[in-house]
file coords_11.csv (CSV, C-alpha atoms and all ligand atoms)
chain,number,residue,atom,x,y,z
A,20,MET,CA,-6.7,62.2,-6.1
A,21,ILE,CA,-4.3,59.4,-5.2
A,22,GLN,CA,-3.4,57.4,-8.3
A,23,ILE,CA,-2.7,53.7,-8.3
A,24,ALA,CA,-1.3,51.3,-10.9
A,25,VAL,CA,-2.3,47.7,-11.2
A,26,LEU,CA,0.3,45.1,-12.4
A,27,GLY,CA,-1.4,42.3,-14.2
A,28,TYR,CA,-5.0,42.4,-15.5
A,29,GLY,CA,-5.8,38.8,-14.7
A,30,THR,CA,-8.5,37.5,-12.4
A,31,VAL,CA,-7.5,39.4,-9.3
A,32,GLY,CA,-6.1,42.5,-11.1
A,33,SER,CA,-9.3,43.0,-13.1
A,34,GLY,CA,-11.2,42.5,-9.9
A,35,VAL,CA,-9.3,45.2,-8.1
A,36,VAL,CA,-10.1,47.6,-11.0
A,37,LYS,CA,-13.8,46.6,-10.7
A,38,VAL,CA,-13.9,47.2,-7.0
A,39,MET,CA,-12.1,50.6,-7.2
A,40,GLU,CA,-14.5,51.7,-10.0
A,41,SER,CA,-17.8,50.2,-8.8
A,42,ASN,CA,-17.3,51.3,-5.2
A,43,HIS,CA,-15.5,54.6,-6.0
A,44,ASP,CA,-17.9,56.9,-4.3
A,45,SER,CA,-18.5,54.8,-1.2
A,46,ILE,CA,-14.7,54.3,-0.8
A,47,ARG,CA,-14.2,58.1,-1.0
A,48,GLU,CA,-16.9,58.7,1.5
A,49,LYS,CA,-16.0,56.0,4.0
A,50,ALA,CA,-12.2,56.2,3.7
A,51,GLY,CA,-11.9,59.9,3.0
A,52,VAL,CA,-9.5,59.4,0.1
A,53,ASP,CA,-10.2,59.7,-3.6
A,54,LEU,CA,-8.5,56.9,-5.5
A,55,GLY,CA,-8.1,56.4,-9.2
A,56,VAL,CA,-6.6,53.7,-11.4
A,57,LYS,CA,-4.1,55.5,-13.7
A,58,TYR,CA,-2.3,52.5,-15.3
A,59,VAL,CA,-2.7,48.8,-15.8
A,60,LEU,CA,0.4,46.9,-16.7
A,61,ASP,CA,-0.1,43.8,-18.9
A,62,LEU,CA,1.6,42.1,-21.8
A,63,ARG,CA,-1.8,42.0,-23.6
A,64,ASP,CA,-4.0,44.6,-25.2
A,65,PHE,CA,-7.7,44.7,-24.6
A,66,PRO,CA,-9.1,46.3,-27.8
A,67,GLY,CA,-12.7,47.5,-27.3
A,68,ASP,CA,-12.5,47.3,-23.5
A,69,PRO,CA,-12.5,50.7,-21.7
A,70,ILE,CA,-9.4,49.4,-19.7
A,71,GLN,CA,-7.4,49.7,-22.9
A,72,GLU,CA,-6.7,53.4,-22.4
A,73,LYS,CA,-5.0,52.6,-19.1
A,74,ILE,CA,-2.9,49.7,-20.4
A,75,VAL,CA,0.9,50.1,-20.5
A,76,HIS,CA,3.5,47.5,-21.4
A,77,ASP,CA,6.5,49.1,-19.8
A,78,PHE,CA,6.8,49.1,-16.0
A,79,GLU,CA,9.1,52.1,-16.2
A,80,VAL,CA,6.1,54.3,-17.1
A,81,ILE,CA,4.6,53.5,-13.7
A,82,LEU,CA,7.9,53.7,-11.8
A,83,GLN,CA,8.8,57.1,-13.2
A,84,ASP,CA,5.3,58.7,-12.7
A,85,PRO,CA,5.3,60.6,-9.4
A,86,GLU,CA,1.5,60.7,-9.4
A,87,VAL,CA,1.4,56.9,-8.9
A,88,ARG,CA,1.7,56.5,-5.1
A,89,ILE,CA,0.4,52.9,-4.8
A,90,VAL,CA,1.2,49.9,-6.9
A,91,VAL,CA,-1.1,46.8,-6.8
A,92,GLU,CA,0.9,43.6,-7.7
A,93,THR,CA,-1.5,41.0,-8.9
A,94,MET,CA,0.8,39.3,-11.4
A,95,GLY,CA,1.5,36.2,-9.3
A,96,GLY,CA,4.7,34.2,-9.4
A,97,LEU,CA,8.1,35.3,-8.3
A,98,GLU,CA,9.4,37.2,-11.3
A,99,PRO,CA,9.0,39.9,-12.5
A,100,ALA,CA,6.7,40.5,-9.6
A,101,PHE,CA,9.6,40.6,-7.1
A,102,THR,CA,11.7,43.0,-9.2
A,103,PHE,CA,8.8,45.3,-9.9
A,104,THR,CA,7.7,45.3,-6.2
A,105,LYS,CA,11.2,46.0,-5.0
A,106,LYS,CA,11.7,48.9,-7.4
A,107,ALA,CA,8.3,50.4,-6.6
A,108,LEU,CA,9.1,50.3,-2.8
A,109,GLU,CA,12.6,51.8,-3.4
A,110,ALA,CA,10.9,54.6,-5.2
A,111,GLY,CA,8.7,55.2,-2.1
A,112,LYS,CA,5.6,53.8,-3.6
A,113,SER,CA,3.5,51.5,-1.4
A,114,VAL,CA,2.6,48.1,-2.7
A,115,CYS,CA,-0.1,45.7,-2.0
A,116,THR,CA,-0.5,42.2,-3.3
A,117,SER,CA,-2.4,38.9,-3.3
A,118,ASN,CA,0.8,37.0,-4.3
A,119,LYS,CA,1.4,34.4,-1.5
A,120,GLU,CA,4.3,32.8,-3.3
A,121,LEU,CA,6.2,36.2,-3.3
A,122,VAL,CA,5.2,37.1,0.3
A,123,ALA,CA,6.3,33.6,1.6
A,124,ARG,CA,9.6,33.7,-0.3
A,125,HIS,CA,10.6,37.4,-0.2
A,126,GLY,CA,8.2,39.1,2.3
A,127,THR,CA,10.9,39.7,4.9
A,128,GLU,CA,13.1,41.6,2.4
A,129,LEU,CA,10.2,43.5,0.9
A,130,ILE,CA,8.8,44.6,4.3
A,131,GLN,CA,12.3,45.8,5.2
A,132,THR,CA,12.6,47.7,1.8
A,133,ALA,CA,9.2,49.3,2.4
A,134,ARG,CA,10.3,50.4,5.9
A,135,GLU,CA,13.6,51.9,4.6
A,136,HIS,CA,11.7,54.0,2.1
A,137,GLY,CA,8.7,55.2,4.2
A,138,ALA,CA,6.3,53.0,2.2
A,139,SER,CA,4.0,50.1,3.1
A,140,TYR,CA,3.9,46.5,1.8
A,141,MET,CA,0.5,44.9,2.5
A,142,PHE,CA,-0.7,41.4,1.7
A,143,GLU,CA,-4.1,40.9,3.2
A,144,ALA,CA,-5.3,38.8,0.2
A,145,SER,CA,-2.3,36.5,0.3
A,146,CYS,CA,-4.0,34.2,2.9
A,147,GLY,CA,-7.6,33.2,2.9
A,148,GLY,CA,-8.6,35.4,-0.2
A,149,GLY,CA,-11.3,37.7,1.0
A,150,ILE,CA,-11.3,36.7,4.6
A,151,PRO,CA,-9.8,39.4,6.9
A,152,ILE,CA,-7.0,37.7,8.8
A,153,ILE,CA,-3.7,39.6,8.2
A,154,ARG,CA,-5.0,42.9,9.5
A,155,PRO,CA,-6.9,41.4,12.4
A,156,LEU,CA,-3.7,39.7,13.5
A,157,ARG,CA,-2.0,43.1,13.4
A,158,THR,CA,-4.7,45.2,15.0
A,159,CYS,CA,-7.7,43.4,16.7
A,160,LEU,CA,-5.6,40.6,18.1
A,161,CYS,CA,-2.4,42.5,18.9
A,162,ALA,CA,-3.0,42.4,22.6
A,163,ASP,CA,-3.0,38.6,22.6
A,164,VAL,CA,-0.2,36.1,22.6
A,165,ILE,CA,-1.3,33.8,19.7
A,166,ASP,CA,-0.4,30.2,20.3
A,167,GLU,CA,-2.3,28.3,17.6
A,168,ILE,CA,-3.4,28.9,14.0
A,169,THR,CA,-5.2,26.1,12.2
A,170,GLY,CA,-6.6,26.7,8.8
A,171,ILE,CA,-8.3,25.3,5.8
A,172,LEU,CA,-6.3,27.6,3.6
A,173,ASN,CA,-6.7,26.1,0.1
A,174,GLY,CA,-10.1,26.2,-1.6
A,175,THR,CA,-9.2,23.9,-4.5
A,176,THR,CA,-8.3,21.0,-2.2
A,177,ASN,CA,-11.3,21.7,0.1
A,178,TYR,CA,-13.5,21.6,-3.0
A,179,ILE,CA,-12.0,18.3,-4.1
A,180,LEU,CA,-12.3,16.6,-0.7
A,181,THR,CA,-15.8,17.9,-0.2
A,182,LYS,CA,-16.8,16.3,-3.6
A,183,MET,CA,-15.0,13.1,-2.9
A,184,ILE,CA,-16.8,12.8,0.5
A,185,GLU,CA,-20.2,13.8,-0.7
A,186,GLU,CA,-20.2,11.8,-3.9
A,187,GLY,CA,-17.8,8.9,-3.1
A,188,ARG,CA,-15.6,9.8,-6.1
A,189,GLU,CA,-11.9,9.2,-6.9
A,190,PHE,CA,-9.4,12.1,-6.4
A,191,SER,CA,-8.4,12.1,-10.1
A,192,ASP,CA,-12.0,12.3,-11.3
A,193,VAL,CA,-12.9,15.2,-9.1
A,194,LEU,CA,-9.7,17.0,-9.9
A,195,LYS,CA,-10.5,16.8,-13.6
A,196,GLU,CA,-14.0,18.3,-13.0
A,197,ALA,CA,-12.5,21.0,-10.8
A,198,GLN,CA,-10.1,21.9,-13.6
A,199,GLN,CA,-13.0,22.0,-16.1
A,200,LYS,CA,-15.0,24.4,-13.8
A,201,GLY,CA,-11.9,26.6,-13.3
A,202,TYR,CA,-11.6,25.8,-9.6
A,203,ALA,CA,-8.3,24.0,-10.1
A,204,GLU,CA,-5.3,25.2,-12.1
A,205,ARG,CA,-4.2,23.3,-15.2
A,206,ASN,CA,-1.1,22.6,-13.2
A,207,PRO,CA,-2.7,21.7,-9.8
A,208,GLU,CA,0.5,20.7,-8.1
A,209,ALA,CA,0.9,23.7,-5.8
A,210,ASP,CA,-2.7,23.1,-4.5
A,211,VAL,CA,-3.0,19.3,-4.3
A,212,GLU,CA,0.5,18.7,-2.9
A,213,GLY,CA,-0.2,21.3,-0.1
A,214,HIS,CA,2.5,23.8,-1.2
A,215,ASP,CA,0.0,26.7,-1.4
A,216,ALA,CA,-1.4,26.0,2.1
A,217,CYS,CA,2.2,25.7,3.3
A,218,ARG,CA,3.1,29.2,2.0
A,219,LYS,CA,0.0,30.6,3.7
A,220,ILE,CA,0.6,29.1,7.1
A,221,ALA,CA,4.2,30.2,6.9
A,222,ILE,CA,3.0,33.8,6.4
A,223,LEU,CA,0.4,33.6,9.1
A,224,SER,CA,2.8,32.0,11.6
A,225,SER,CA,5.5,34.6,10.9
A,226,LEU,CA,2.9,37.3,11.8
A,227,ALA,CA,1.5,35.4,14.8
A,228,TYR,CA,4.8,34.5,16.4
A,229,GLY,CA,6.7,37.6,15.2
A,230,LYS,CA,9.7,35.9,13.6
A,231,ARG,CA,10.3,34.7,10.0
A,232,VAL,CA,8.9,31.2,9.4
A,233,ASP,CA,10.6,29.7,6.4
A,234,PHE,CA,8.0,27.8,4.4
A,235,THR,CA,10.6,25.3,3.2
A,236,ASP,CA,10.9,24.1,6.8
A,237,ILE,CA,7.3,23.1,7.1
A,238,TYR,CA,6.5,19.4,6.8
A,239,THR,CA,3.9,19.3,4.0
A,240,GLU,CA,1.6,16.5,2.7
A,241,GLY,CA,-1.1,17.0,0.1
A,242,ILE,CA,-4.3,15.1,-0.7
A,243,THR,CA,-3.2,13.1,-3.7
A,244,GLY,CA,-3.1,9.9,-1.6
A,245,ILE,CA,-6.7,10.2,-0.2
A,246,THR,CA,-9.0,7.5,-1.6
A,247,PRO,CA,-12.7,6.6,-1.4
A,248,ALA,CA,-11.7,3.8,1.0
A,249,ASP,CA,-10.2,6.4,3.4
A,250,ILE,CA,-13.5,8.3,3.2
A,251,GLN,CA,-15.6,5.2,3.9
A,252,TYR,CA,-13.6,4.7,7.1
A,253,ALA,CA,-13.8,8.4,8.0
A,254,LYS,CA,-17.6,8.1,7.7
A,255,ALA,CA,-17.7,5.0,9.8
A,256,MET,CA,-15.9,7.0,12.5
A,257,GLY,CA,-18.3,10.0,12.2
A,258,LYS,CA,-15.4,12.1,10.9
A,259,THR,CA,-14.5,13.9,7.8
A,260,ILE,CA,-11.2,14.6,6.0
A,261,LYS,CA,-9.7,18.1,5.7
A,262,LEU,CA,-6.4,19.4,4.5
A,263,LEU,CA,-5.2,21.4,7.6
A,264,ALA,CA,-2.4,23.8,7.8
A,265,PHE,CA,-1.5,24.5,11.4
A,266,SER,CA,1.1,25.9,13.6
A,267,ARG,CA,1.3,25.8,17.4
A,268,LYS,CA,3.5,27.6,19.9
A,269,GLU,CA,4.3,26.0,23.3
A,270,GLY,CA,6.8,27.9,25.3
A,271,GLU,CA,9.5,28.8,22.8
A,272,SER,CA,8.8,25.8,20.5
A,273,VAL,CA,6.8,26.2,17.4
A,274,THR,CA,5.5,23.3,15.3
A,275,ALA,CA,4.0,23.7,11.9
A,276,MET,CA,2.6,21.2,9.5
A,277,VAL,CA,0.3,20.8,6.5
A,278,SER,CA,-1.4,17.4,6.2
A,279,PRO,CA,-4.8,15.8,5.6
A,280,TYR,CA,-6.5,15.1,9.0
A,281,LEU,CA,-9.5,13.2,10.2
A,282,VAL,CA,-11.7,15.8,11.8
A,283,ASP,CA,-14.7,15.2,14.1
A,284,LYS,CA,-18.0,16.3,12.6
A,285,GLU,CA,-18.6,18.5,15.6
A,286,ASP,CA,-15.3,20.4,15.0
A,287,PRO,CA,-16.2,23.9,13.5
A,288,LEU,CA,-13.6,23.2,10.7
A,289,ALA,CA,-15.6,20.1,9.6
A,290,SER,CA,-18.4,22.2,8.3
A,291,VAL,CA,-16.2,24.3,6.1
A,292,ASN,CA,-17.0,22.9,2.7
A,293,GLY,CA,-16.4,23.5,-1.0
A,294,VAL,CA,-14.1,26.4,-2.0
A,295,PHE,CA,-14.6,28.1,1.4
A,296,ASN,CA,-11.6,28.7,3.7
A,297,ALA,CA,-11.5,29.1,7.5
A,298,ILE,CA,-8.8,30.1,9.9
A,299,PHE,CA,-9.0,29.1,13.6
A,300,VAL,CA,-6.9,31.2,15.9
A,301,HIS,CA,-6.3,30.7,19.6
A,302,GLY,CA,-5.0,33.5,21.7
A,303,ASN,CA,-4.0,33.4,25.4
A,304,MET,CA,-6.6,36.0,26.3
A,305,LEU,CA,-9.0,35.8,23.4
A,306,GLY,CA,-9.5,32.0,23.6
A,307,ASP,CA,-10.9,30.7,20.3
A,308,ALA,CA,-11.9,32.6,17.2
A,309,MET,CA,-12.6,31.5,13.7
A,310,PHE,CA,-12.5,33.5,10.5
A,311,TYR,CA,-14.6,32.0,7.7
A,312,GLY,CA,-15.4,33.0,4.1
A,313,GLN,CA,-14.4,33.1,0.5
A,314,GLY,CA,-10.9,31.9,0.3
A,315,ALA,CA,-10.5,32.7,-3.4
A,316,GLY,CA,-12.3,34.2,-6.4
A,317,LYS,CA,-12.1,37.4,-8.3
A,318,GLU,CA,-14.2,39.8,-6.3
A,319,ALA,CA,-13.5,38.4,-2.8
A,320,THR,CA,-9.8,38.5,-3.3
A,321,ALA,CA,-9.9,41.9,-5.0
A,322,SER,CA,-11.9,43.2,-2.0
A,323,ALA,CA,-9.1,42.4,0.3
A,324,VAL,CA,-6.5,43.9,-2.0
A,325,ALA,CA,-8.6,47.1,-2.4
A,326,ALA,CA,-8.8,47.4,1.4
A,327,ASP,CA,-5.0,47.4,1.5
A,328,VAL,CA,-5.0,50.1,-1.2
A,329,ILE,CA,-7.3,52.2,1.0
A,330,GLU,CA,-5.2,51.8,4.1
A,331,GLU,CA,-2.0,52.6,2.2
A,332,ALA,CA,-3.6,55.7,0.9
A,333,GLN,CA,-4.6,56.8,4.4
A,334,VAL,CA,-1.1,56.4,5.7
A,335,LEU,CA,1.0,57.6,2.7
A,336,GLY,CA,4.5,58.5,3.7
A,337,ARG,CA,4.5,56.2,6.7
A,338,SER,CA,5.3,52.5,7.0
A,339,VAL,CA,2.2,50.8,8.4
A,340,MET,CA,2.0,47.1,7.8
A,341,SER,CA,2.0,43.7,9.3
A,342,SER,CA,5.6,42.5,9.8
A,343,TRP,CA,7.9,40.1,11.5
A,344,ASP,CA,11.5,39.9,12.7
A,345,PRO,CA,13.8,38.8,9.9
A,346,GLN,CA,15.4,36.3,12.3
A,347,LYS,CA,14.4,32.8,11.4
A,348,LEU,CA,12.2,30.9,13.8
A,349,ALA,CA,13.5,27.4,14.2
A,350,LEU,CA,10.6,24.9,14.0
A,351,THR,CA,10.4,21.8,16.1
A,352,ASP,CA,11.0,18.6,14.2
A,353,VAL,CA,7.6,17.1,13.6
A,354,SER,CA,8.9,13.5,14.1
A,355,GLY,CA,8.7,14.2,17.9
A,356,THR,CA,5.1,15.5,17.8
A,357,ALA,CA,2.4,13.1,19.1
A,358,LYS,CA,-1.0,12.4,17.9
A,359,ARG,CA,-3.3,9.4,17.3
A,360,PHE,CA,-3.2,7.8,13.9
A,361,PHE,CA,-5.9,5.9,11.9
A,362,VAL,CA,-4.5,3.0,10.0
A,363,ARG,CA,-5.9,0.8,7.2
A,364,ALA,CA,-4.3,-2.6,7.6
A,365,ARG,CA,-4.1,-5.6,5.2
A,366,GLY,CA,-5.6,-8.8,6.6
A,367,GLU,CA,-8.6,-10.0,8.4
A,368,GLU,CA,-10.3,-8.5,11.5
A,369,ALA,CA,-9.1,-11.6,13.5
A,370,GLU,CA,-5.5,-10.1,13.1
A,371,PHE,CA,-6.5,-7.0,15.1
A,372,SER,CA,-4.9,-8.4,18.2
A,373,ARG,CA,-1.5,-8.2,16.5
A,374,ALA,CA,-2.3,-4.5,15.8
A,375,GLN,CA,-3.1,-4.0,19.4
A,376,ALA,CA,0.1,-5.7,20.5
A,377,VAL,CA,2.2,-3.5,18.2
A,378,PHE,CA,0.4,-0.1,18.5
A,379,GLY,CA,-0.8,-0.4,22.1
A,380,VAL,CA,-4.4,0.3,23.0
A,381,ALA,CA,-6.2,0.6,19.7
A,382,GLU,CA,-9.8,0.9,18.6
A,383,MET,CA,-11.0,-1.1,15.6
A,384,VAL,CA,-12.9,0.6,12.7
A,385,ARG,CA,-15.1,-1.4,10.3
A,386,ALA,CA,-15.9,-0.1,6.9
A,387,GLY,CA,-16.9,-3.4,5.3
A,388,LEU,CA,-14.0,-3.5,2.8
A,389,PRO,CA,-12.7,-7.0,1.9
A,390,GLY,CA,-9.2,-8.1,2.9
A,391,GLU,CA,-8.6,-5.1,5.2
A,392,TYR,CA,-9.6,-3.5,8.5
A,393,GLY,CA,-9.0,-0.2,10.2
A,394,PHE,CA,-7.9,0.9,13.6
A,395,VAL,CA,-7.0,4.0,15.6
A,396,THR,CA,-3.7,3.9,17.5
A,397,GLU,CA,-3.0,5.4,20.9
A,398,LYS,CA,-1.3,8.8,20.9
A,399,MET,CA,2.3,8.5,19.9
A,400,THR,CA,5.0,10.5,18.2
A,401,GLU,CA,5.4,10.4,14.4
A,402,GLU,CA,8.7,8.7,14.9
A,403,ALA,CA,7.2,6.0,17.1
A,404,PHE,CA,4.4,5.5,14.6
A,405,GLN,CA,6.9,5.0,11.7
A,406,GLU,CA,8.8,2.4,13.8
A,407,LYS,CA,5.7,0.5,14.8
A,408,ALA,CA,4.3,0.6,11.2
A,409,GLY,CA,7.6,-0.9,10.0
A,410,GLU,CA,7.4,-3.7,12.6
A,411,PHE,CA,3.7,-4.3,11.9
A,412,GLY,CA,4.3,-4.5,8.1
A,413,ALA,CA,0.6,-4.5,7.0
A,414,VAL,CA,-0.2,-0.8,6.8
A,415,ILE,CA,-2.0,0.2,3.6
A,416,SER,CA,-2.3,3.9,4.6
A,417,ARG,CA,-2.6,6.2,7.6
A,418,LEU,CA,-4.2,9.4,8.5
A,419,ARG,CA,-3.6,11.7,11.4
A,420,LEU,CA,-6.5,12.6,13.8
A,421,ARG,CA,-7.2,16.2,14.7
A,422,GLU,CA,-7.7,16.4,18.4
A,423,LYS,CA,-7.6,20.0,19.3
A,424,GLU,CA,-5.6,19.6,22.4
A,425,ALA,CA,-3.3,17.2,20.8
A,426,LEU,CA,-2.3,19.2,17.7
A,427,GLY,CA,1.4,19.5,17.6
A,428,ASP,CA,2.0,18.1,21.1
A,501,LIG,N1,-5.3,28.2,-5.5
A,501,LIG,C1,-5.7,28.9,-4.3
A,501,LIG,C2,-6.8,28.1,-3.6
A,501,LIG,C3,-6.2,30.2,-4.7
A,501,LIG,O1,-7.3,27.1,-4.2
A,501,LIG,O2,-7.1,28.4,-2.4
A,501,LIG,C4,-6.3,31.2,-3.5
A,501,LIG,O3,-5.1,31.5,-2.9
call {"tool": "encode", "arguments": {"input": "coords_11.csv", "output": "structure tokens"}}
result
Amino acid sequence: MIQIAVLGYGTVGSGVVKVMESNHDSIREKAGVDLGVKYVLDLRDFPGDPIQEKIVHDFEVILQDPEVRIVVETMGGLEPAFTFTKKALEAGKSVCTSNKELVARHGTELIQTAREHGASYMFEASCGGGIPIIRPLRTCLCADVIDEITGILNGTTNYILTKMIEEGREFSDVLKEAQQKGYAERNPEADVEGHDACRKIAILSSLAYGKRVDFTDIYTEGITGITPADIQYAKAMGKTIKLLAFSRKEGESVTAMVSPYLVDKEDPLASVNGVFNAIFVHGNMLGDAMFYGQGAGKEATASAVAADVIEEAQVLGRSVMSSWDPQKLALTDVSGTAKRFFVRARGEEAEFSRAQAVFGVAEMVRAGLPGEYGFVTEKMTEEAFQEKAGEFGAVISRLRLREKEALGD
């Protein structure tokens, strides 16, 4: 029997215990390994719960127990998760995690530590919750040169946008409801400002392009500025609004960005609604593929973590994991990337000719809102748009248009 220890008995940690116990026999039959949870590290006690007999409060108990070969880190946050992970790997124990913050910040170092100690560091659940994407990038898609990843990688913001679009409600109102239902954190900043999606696209891009992508280099905008008026215009254009995290490689240049985009209703990403996530991948041989499913949630995320536990058990003593070169990949400055922009402008429709003069060929969009009109610019760089918007002077807001071939150009 291979013993594991789970760090943190929160939503995901308790889910992992549930998966390992509920599916114990089928895992043993399918994977050929017998796995048991020996310890659960948590600050709390759980009197009356059968888990209590496995609860320990001191990480050293786990670290010093040679029977524990695999550690599941589901604590979240940077510390003490980083210190515990590092010590476990240095002791030759393999670690798997759902902690995207830790993988994005310290993944390079932890992968290296694992390699130096004949252990593995796996993080399937760090991106897209239960959706298989990290392992497919390492195995099924390893013959391809990946040149684009575009994802709806955050369930909270996708839920909020879906509700705003379906029900015409304000951002703050839907956020409050999402918090009441437990879909959004009490402190929703990481989700609604796009930081969570940014960390996930940094991890996926590091894997896809083989070098470390620093998440702090990725231009990131969240959804706090999206209003019901933007949605009215989106509907008038037959489009929807999605928070997209994307990266694209052309030659040696890689562009990455997180931003709300206007997406055509026919685009497969447009029909990804509610808390669901999807990841579109383009490979030079594969063409297009899309991975879709539960991007968060106890059982779905735990299922991905448990799959890592099983693979680590099957390769004990060897370092088998998704990895990237520690050398940093320099991202292209997004100000030089071109796309079309949708603009809400102050004024009357009669003033559209001035918009045409400033922004070039533009198409008017009518949503019937008083004292304003909308238009779509021709394709131009971010930098050129900023300049023209300054010259025009009547921009209320702007949104980028997703045009598959234009992403990151
Ligand atoms: N807060 C994250 C989300 C949880 O909403 O997608 C899963 O990583």
call {"tool": "closest_atom_pairs", "arguments": {"input": "coords_11.csv", "of": "chain A", "to": "ligand LIG 501 (chain A)", "cutoff": "10 Å", "atoms": "all atoms listed in the file", "output": "tab-separated table"}}
result
residue	atom	partner	partner_atom	distance
A:Ser117	CA	A:LIG501	O3	7.9
A:Asn118	CA	A:LIG501	O3	8.2
A:Lys119	CA	A:LIG501	O3	7.3
A:Glu120	CA	A:LIG501	O3	9.5
A:Ala144	CA	A:LIG501	O3	7.9
A:Ser145	CA	A:LIG501	O3	6.6
A:Cys146	CA	A:LIG501	O3	6.5
A:Gly147	CA	A:LIG501	O3	6.5
A:Gly148	CA	A:LIG501	C4	5.8
A:Gly149	CA	A:LIG501	C4	9.4
A:Ile171	CA	A:LIG501	O2	8.8
A:Leu172	CA	A:LIG501	O2	6.1
A:Asn173	CA	A:LIG501	O2	3.4
A:Gly174	CA	A:LIG501	O2	3.8
A:Thr175	CA	A:LIG501	O1	3.7
A:Thr176	CA	A:LIG501	O1	6.5
A:Asn177	CA	A:LIG501	O1	8.0
A:Tyr178	CA	A:LIG501	O1	8.4
A:Ile179	CA	A:LIG501	O1	10.0
A:Tyr202	CA	A:LIG501	O1	7.0
A:Ala203	CA	A:LIG501	O1	6.7
A:Glu204	CA	A:LIG501	N1	7.2
A:Pro207	CA	A:LIG501	N1	8.2
A:Glu208	CA	A:LIG501	N1	9.8
A:Ala209	CA	A:LIG501	N1	7.7
A:Asp210	CA	A:LIG501	N1	5.8
A:Val211	CA	A:LIG501	O1	8.9
A:His214	CA	A:LIG501	N1	9.9
A:Asp215	CA	A:LIG501	C1	6.8
A:Ala216	CA	A:LIG501	O2	7.6
A:Arg218	CA	A:LIG501	O3	9.8
A:Lys219	CA	A:LIG501	O3	8.4
A:Val294	CA	A:LIG501	O1	7.2
A:Phe295	CA	A:LIG501	O2	8.4
A:Asn296	CA	A:LIG501	O2	7.6
A:Gln313	CA	A:LIG501	O2	9.2
A:Gly314	CA	A:LIG501	O2	5.8
A:Ala315	CA	A:LIG501	C4	4.5
A:Gly316	CA	A:LIG501	C4	7.3
A:Lys317	CA	A:LIG501	C4	9.8
A:Thr320	CA	A:LIG501	C4	8.1
call {"tool": "closest_residue", "arguments": {"input": "coords_11.csv", "among": "A:Glu269, A:Glu48, A:Glu406, A:Glu382", "to": "Val164 (chain A)", "atoms": "only C-alpha atoms"}}
result
A:Glu269
call {"tool": "residues_near_point", "arguments": {"input": "coords_11.csv", "point": "(14.2, 39.9, 12.8)", "cutoff": "12 Å", "atoms": "only C-alpha atoms", "output": "number ranges by chain"}}
result
A: 127-128, 130-131, 225-226, 228-232, 342-348
call {"tool": "axis_aligned_box", "arguments": {"input": "coords_11.csv", "around": "region 266-277 of chain A", "padding_each_side": "5 Å", "output": "lines of an AutoDock Vina configuration file"}}
result
center_x = 4.9
center_y = 24.8
center_z = 15.9
size_x = 19.2
size_y = 18.0
size_z = 28.8
call {"tool": "residues_around", "arguments": {"input": "coords_11.csv", "residues": "Leu288 (chain A)", "least_positions_apart": "2", "cutoff": "12 Å", "atoms": "all atoms listed in the file", "output": "PyMOL selection string"}}
result
chain A and resi 169-172+177+258-264+280-286+290-292+295-300+308-312+421-423
call {"tool": "atom_distance", "arguments": {"input": "coords_11.csv", "atom1": "CA of Val91 (chain A)", "atom2": "CA of Leu156 (chain A)"}}
result
21.7 Å
call {"tool": "closest_residue", "arguments": {"input": "coords_11.csv", "among": "A:Lys268, A:Arg188, A:Lys200, A:Lys407", "to": "Ala227 (chain A)", "atoms": "only C-alpha atoms"}}
result
A:Lys268
call {"tool": "residues_around", "arguments": {"input": "coords_11.csv", "residues": "Phe101 (chain A)", "least_positions_apart": "6", "cutoff": "12 Å", "atoms": "all atoms listed in the file", "output": "list in words"}}
result
Leu26, Glu92, Thr93, Met94, Gly95, Ala107, Leu108, Val114, Thr116, Asn118, Lys119, Glu120, Leu121, Val122, Ala123, Arg124, His125, Gly126, Glu128, Leu129 and Thr132 of chain A
call {"tool": "closest_residue", "arguments": {"input": "coords_11.csv", "among": "A:Lys49, A:Arg385, A:Lys37, A:Arg419", "to": "Glu330 (chain A)", "atoms": "all atoms listed in the file"}}
result
A:Lys49
call {"tool": "closest_residue", "arguments": {"input": "coords_11.csv", "among": "A:Thr396, A:Ser322, A:Ser354, A:Gln333", "to": "Val31 (chain A)", "atoms": "all atoms listed in the file"}}
result
A:Ser322
call {"tool": "closest_atom_pairs", "arguments": {"input": "coords_11.csv", "of": "region 299-406 of chain A", "to": "region 138-141 of chain A", "cutoff": "8 Å", "atoms": "all atoms listed in the file", "output": "JSON lines"}}
result
{"residue": "A:Asp327", "atom": "CA", "partner": "A:Met141", "partner_atom": "CA", "distance": 6.1}
{"residue": "A:Glu331", "atom": "CA", "partner": "A:Ser139", "partner_atom": "CA", "distance": 6.6}
{"residue": "A:Leu335", "atom": "CA", "partner": "A:Ala138", "partner_atom": "CA", "distance": 7.0}
{"residue": "A:Gly336", "atom": "CA", "partner": "A:Ala138", "partner_atom": "CA", "distance": 6.0}
{"residue": "A:Arg337", "atom": "CA", "partner": "A:Ala138", "partner_atom": "CA", "distance": 5.8}
{"residue": "A:Ser338", "atom": "CA", "partner": "A:Ser139", "partner_atom": "CA", "distance": 4.8}
{"residue": "A:Val339", "atom": "CA", "partner": "A:Ser139", "partner_atom": "CA", "distance": 5.6}
{"residue": "A:Met340", "atom": "CA", "partner": "A:Ser139", "partner_atom": "CA", "distance": 5.9}
{"residue": "A:Ser341", "atom": "CA", "partner": "A:Met141", "partner_atom": "CA", "distance": 7.1}
call {"tool": "atom_distance", "arguments": {"input": "coords_11.csv", "atom1": "CA of Met39 (chain A)", "atom2": "CA of Leu160 (chain A)"}}
result
28.0 Å
call {"tool": "residues_around", "arguments": {"input": "coords_11.csv", "residues": "Gly302 (chain A)", "least_positions_apart": "5", "cutoff": "6 Å", "atoms": "only C-alpha atoms", "output": "compact mmCIF listing (two decimals) with C-alpha atoms, keeping the file's coordinate frame"}}
result
# COMPACT_ATOMS: atom_id res chain seq x y z
CA ASP A 163 -3.00 38.60 22.60
CA VAL A 164 -0.20 36.10 22.60
CA ILE A 165 -1.30 33.80 19.70
CA ASP A 166 -0.40 30.20 20.30
